[in-house]
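What follows is the content of final.cif (mmCIF, C-alpha atoms; chains and numbers go by the auth columns).
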data_input
loop_
_atom_site.group_PDB
_atom_site.id
_atom_site.type_symbol
_atom_site.label_atom_id
_atom_site.label_comp_id
_atom_site.label_asym_id
_atom_site.label_seq_id
_atom_site.Cartn_x
_atom_site.Cartn_y
_atom_site.Cartn_z
_atom_site.B_iso_or_equiv
_atom_site.auth_seq_id
_atom_site.auth_asym_id
ATOM 1 C CA MET A 1 13.761 -10.066 -7.233 0.00 136 X
ATOM 2 C CA VAL A 2 10.111 -10.921 -7.576 0.00 137 X
ATOM 3 C CA LEU A 3 7.196 -8.526 -7.280 0.00 138 X
ATOM 4 C CA VAL A 4 5.144 -9.857 -4.378 0.00 139 X
ATOM 5 C CA ASN A 5 2.479 -7.209 -3.937 0.00 140 X
ATOM 6 C CA ASP A 6 1.583 -3.646 -4.795 0.00 141 X
ATOM 7 C CA ALA A 7 -0.621 -1.064 -3.134 0.00 142 X
ATOM 8 C CA VAL A 8 -1.696 2.559 -3.355 0.00 143 X
ATOM 9 C CA LEU A 9 -0.686 4.775 -0.440 0.00 144 X
ATOM 10 C CA LEU A 10 -3.060 7.723 -0.162 0.00 145 X
ATOM 11 C CA LYS A 11 -1.457 10.939 1.013 0.00 146 X
ATOM 12 C CA PRO A 12 -3.294 13.836 2.635 0.00 147 X
ATOM 13 C CA VAL A 13 -4.433 16.379 0.056 0.00 148 X
ATOM 14 C CA GLY A 14 -2.637 19.155 1.963 0.00 149 X
ATOM 15 C CA THR A 15 -1.260 21.657 -0.543 0.00 150 X
ATOM 16 C CA GLY A 16 -2.623 19.746 -3.552 0.00 151 X
ATOM 17 C CA ALA A 17 -5.438 22.248 -3.961 0.00 152 X
ATOM 18 C CA MET A 18 -2.972 25.140 -4.000 0.00 153 X
ATOM 19 C CA ARG A 19 -0.673 23.398 -6.487 0.00 154 X
ATOM 20 C CA ALA A 20 -3.486 22.273 -8.779 0.00 155 X
ATOM 21 C CA ASP A 21 -4.145 25.687 -10.333 0.00 156 X
ATOM 22 C CA ARG A 22 -0.496 26.277 -11.219 0.00 157 X
ATOM 23 C CA ILE A 23 0.145 22.755 -12.516 0.00 158 X
ATOM 24 C CA MET A 24 -3.112 22.537 -14.481 0.00 159 X
ATOM 25 C CA SER A 25 -2.610 25.879 -16.234 0.00 160 X
ATOM 26 C CA ALA A 26 1.051 25.150 -17.051 0.00 161 X
ATOM 27 C CA ALA A 27 0.925 21.526 -18.178 0.00 162 X
ATOM 28 C CA SER A 28 -2.715 20.354 -18.050 0.00 163 X
ATOM 29 C CA LYS A 29 -1.724 17.647 -15.547 0.00 164 X
ATOM 30 C CA LEU A 30 -3.590 16.436 -12.492 0.00 165 X
ATOM 31 C CA VAL A 31 -2.025 16.777 -9.048 0.00 166 X
ATOM 32 C CA GLY A 32 -1.002 13.441 -7.558 0.00 167 X
ATOM 33 C CA VAL A 33 -2.138 12.712 -4.026 0.00 168 X
ATOM 34 C CA HIS A 34 -1.028 9.084 -3.873 0.00 169 X
ATOM 35 C CA GLN A 35 2.063 6.933 -4.158 0.00 170 X
ATOM 36 C CA ASN A 36 2.375 3.489 -5.677 0.00 171 X
ATOM 37 C CA VAL A 37 4.085 1.081 -3.289 0.00 172 X
ATOM 38 C CA CYS A 38 5.670 -2.109 -4.654 0.00 173 X
ATOM 39 C CA VAL A 39 6.819 -4.958 -2.403 0.00 174 X
ATOM 40 C CA PHE A 40 9.621 -7.128 -3.773 0.00 175 X
ATOM 41 C CA SER A 41 11.105 -10.340 -2.432 0.00 176 X
ATOM 42 C CA LYS A 42 14.708 -11.371 -2.861 0.00 177 X
ATOM 43 C CA GLY A 43 15.075 -15.048 -2.120 0.00 178 X
ATOM 44 C CA GLU A 44 12.480 -17.524 -0.924 0.00 179 X
ATOM 45 C CA MET A 45 8.886 -16.518 -0.435 0.00 180 X
ATOM 46 C CA LEU A 46 7.300 -16.779 3.001 0.00 181 X
ATOM 47 C CA THR A 47 4.915 -19.737 3.045 0.00 182 X
ATOM 48 C CA PRO A 48 1.704 -19.600 5.117 0.00 183 X
ATOM 49 C CA ALA A 49 3.011 -22.361 7.407 0.00 184 X
ATOM 50 C CA LEU A 50 6.286 -20.511 8.036 0.00 185 X
ATOM 51 C CA ALA A 51 4.421 -17.256 8.628 0.00 186 X
ATOM 52 C CA ARG A 52 2.266 -18.905 11.310 0.00 187 X
ATOM 53 C CA ALA A 53 5.377 -20.460 12.874 0.00 188 X
ATOM 54 C CA VAL A 54 7.001 -17.042 13.354 0.00 189 X
ATOM 55 C CA GLY A 55 3.763 -15.435 14.585 0.00 190 X
ATOM 56 C CA ILE A 56 2.566 -13.565 11.484 0.00 191 X
ATOM 57 C CA ARG A 57 -1.184 -13.725 10.999 0.00 192 X
ATOM 58 C CA SER A 58 -3.179 -12.784 7.912 0.00 193 X
ATOM 59 C CA ASN A 59 -5.725 -9.966 7.997 0.00 194 X
ATOM 60 C CA ASN A 60 -8.504 -12.526 7.595 0.00 195 X
ATOM 61 C CA ALA A 61 -7.349 -14.400 10.695 0.00 196 X
ATOM 62 C CA GLU A 62 -7.312 -11.209 12.760 0.00 197 X
ATOM 63 C CA ALA A 63 -10.802 -10.240 11.600 0.00 198 X
ATOM 64 C CA SER A 64 -12.266 -13.653 12.390 0.00 199 X
ATOM 65 C CA GLN A 65 -10.673 -13.695 15.865 0.00 200 X
ATOM 66 C CA SER A 66 -11.970 -10.230 16.750 0.00 201 X
ATOM 67 C CA SER A 67 -15.506 -11.121 15.613 0.00 202 X
ATOM 68 C CA GLN A 68 -15.467 -14.281 17.775 0.00 203 X
ATOM 69 C CA GLN A 69 -14.603 -12.359 20.942 0.00 204 X
#

Write-out of the structure in structure tokens:
Amino acid sequence: MVLVNDAVLLKPVGTGAMRADRIMSAASKLVGVHQNVCVFSKGEMLTPALARAVGIRSNNAEASQSSQQ
């Protein structure tokens, strides 16, 4: 498997503020409000030409089309 991409998924703070006092006083650690997301590929990578053939567009293509309309 090959690492293709990674991203940070931000979660709502929610109960982070309530947990922070307990966690900070016990272990001097910060409260996490995100997750690391890794995207792996097993097999052949999707080429730009194949992606267009199956109807997958890049974010740049979508942005340029919406600005032209």

Which residues, written as a list in words, have at least one atom at most 7 Å from stretch 141-158 of chain X, with only C-alpha atoms counted and residues fewer than 3 positions away on the same chain left out? Ala161, Ala162, Ser163, Lys164, Leu165, Val166, Val168, His169, Gln170, Asn171, Val172, Cys173 and Val174 of chain X

What is the distance between atom CA of X:Met136 and atom CA of X:Gly167, in Å to one decimal?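 If I compute the distance from atom CA of X:Met136 to atom CA of X:Gly167, I get 27.8 Å.
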
Atom CA of X:Lys177 and atom CA of X:Asn194 are how many Å apart?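 One can read the atom CA of X:Lys177 to atom CA of X:Asn194 distance as 23.2 Å.
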
Would you compute the distance between atom CA of X:Phe175 and atom CA of X:Asn140? Give it in Å to one decimal.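 Rounded to one decimal, the two atoms are 7.1 Å apart.
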